[in-house]
Every structure is written in structure tokens, then in C-alpha cells.
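One structure below.
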Amino acid sequence: MVVRKKPLKWGRNCLIRIGVEETTKVGQKFIYMLEQINQQIEVLVAFMKGKVLPLSFCWNDKKYSINKVNLVHSERIGRDKYYYFSVSAGEDYFKLQFNTENNKWLLAEAYYAS
């Protein structure tokens with residue numbers, strides 16, 4: 001259980017980077033980083049009961065196995081339709097974007113423990 005959240009300031013060569021420090025009741029400290037990535041990735045998916053279910057993806061030469069799909073939503077920009085998948089991979093959270101017009105996947109955001 002989190003008892004305190006303290007924002008941290010970070011700056012590097014990325015569009016957005018936000019740090020949050022969390023302290024648990026037993027005194028463990030975690031720093032989570034939110035970073036906008038917007039890089040093309042490869043995603044392994046399953047089609048189950050008419051829905052797309054991401055199973056894993058590769059980013060920076062590392063494979064991430066998806067434990068849970070937390071949220072799915074879509075938006076239309078012109079004739080392009082985008083699907084967004086907020087997923088958990090271990091202790092990390094990611095937002096994956098799928099463009100139905102060109103069938104490409106992007107890693108939109110990463111929210112990970114550092």
C-alpha cells in the first residue's frame with residue numbers, strides 16, 4: 001500500500017519524462033518513470049472471440065510478455081482508426097498503439113520501475 005507519492009524532476013532527451021517516488025508501509029521505495037516513446041515495435045497477438053489480444057512485444061532488443069490487458073480504447077483520425085492497449089508486463093505498464101490503416105504497432109508510452 002502506498003503511503004506517500006512525491007513527484008521528481010527528470011530531464012533527458014525525450015519528449016516527456018515524469019518520475020514518481022512511492023513509499024510502501026514497510027519503507028520500500030520505488031521510482032516509476034512515465035516516458036513517451038512513439039517507436040515502432042513488433043507485437044505477437046492472438047485473435048480470440050472476435051477480439052485482438054496482445055501476448056508479447058519486442059522493444060530495444062528485449063521481449064516483454066504481457067501479463068494483463070488493462071484497458072482498450074480506440075479513436076479515429078481522418079480515415080485512420082487507432083486502437084490503444086494499456087498492458088502490464090511484470091511490474092511495468094505500457095501503452096501500445098495499433099494503426100488499422102497501415103497495420104503498424106507503436107509503443108506510445110512506457111511506465112516502468114527504475
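Following the order of the C-alpha cells, chains are lettered A, B, ..., residues in each are numbered from 1, and ligands are numbered from 1.
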
Worksheet item: Hey, what's within 10 Å of stretch 59-71 of chain A if we count only C-alpha atoms and toss same-chain stuff fewer than 5 positions away? As a VMD selection string, please?
Response: chain A and resid 39 to 44 53 to 54 84 to 95 106 to 107

Store the residues picked out above in a file with C-alpha atoms, as a PDB file, in the first residue's frame.
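Below is the file that was written, result25.pdb:
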```pdb
ATOM      1  CA  GLN A  39       8.673   3.845 -31.551  1.00  0.00           C
ATOM      2  CA  GLN A  40       7.580   1.121 -33.948  1.00  0.00           C
ATOM      3  CA  ILE A  41       7.553  -2.336 -32.338  1.00  0.00           C
ATOM      4  CA  GLU A  42       6.674  -5.922 -33.192  1.00  0.00           C
ATOM      5  CA  VAL A  43       3.730  -7.423 -31.301  1.00  0.00           C
ATOM      6  CA  LEU A  44       2.596 -11.035 -31.039  1.00  0.00           C
ATOM      7  CA  LEU A  53      -5.276  -9.919 -27.505  1.00  0.00           C
ATOM      8  CA  PRO A  54      -1.618  -8.769 -27.373  1.00  0.00           C
ATOM      9  CA  TYR A  84      -4.777   1.628 -27.812  1.00  0.00           C
ATOM     10  CA  PHE A  85      -3.929  -1.202 -25.433  1.00  0.00           C
ATOM     11  CA  SER A  86      -2.792  -0.389 -21.895  1.00  0.00           C
ATOM     12  CA  VAL A  87      -0.937  -3.513 -20.780  1.00  0.00           C
ATOM     13  CA  SER A  88       1.048  -4.859 -17.825  1.00  0.00           C
ATOM     14  CA  ALA A  89       4.325  -6.702 -18.286  1.00  0.00           C
ATOM     15  CA  GLY A  90       5.699  -7.696 -14.893  1.00  0.00           C
ATOM     16  CA  GLU A  91       5.940  -4.516 -12.786  1.00  0.00           C
ATOM     17  CA  ASP A  92       5.922  -2.288 -15.882  1.00  0.00           C
ATOM     18  CA  TYR A  93       2.996  -0.737 -17.748  1.00  0.00           C
ATOM     19  CA  PHE A  94       2.888   0.146 -21.435  1.00  0.00           C
ATOM     20  CA  LYS A  95       0.517   1.784 -23.892  1.00  0.00           C
ATOM     21  CA  LEU A 106       3.833   1.688 -31.870  1.00  0.00           C
ATOM     22  CA  LEU A 107       4.944   1.736 -28.276  1.00  0.00           C
TER      23      LEU A 107
END
```

Fill in: Which of A:Ser56, A:Asn103, A:Gln97, A:Gln36 sits closest to A:His73 [using only C-alpha atoms]
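Ranked by minimum distance to A:His73, first place goes to A:Gln97.
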
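We find atom CA of A:Ser74 and atom CA of A:Asn99 to be spaced 9.8 Å apart.
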
Response to the item:
Judged by only C-alpha atoms, the minimum distance to A:Ile77 among A:Leu34, A:Val45, A:Thr100, A:Ala113 is found for A:Thr100
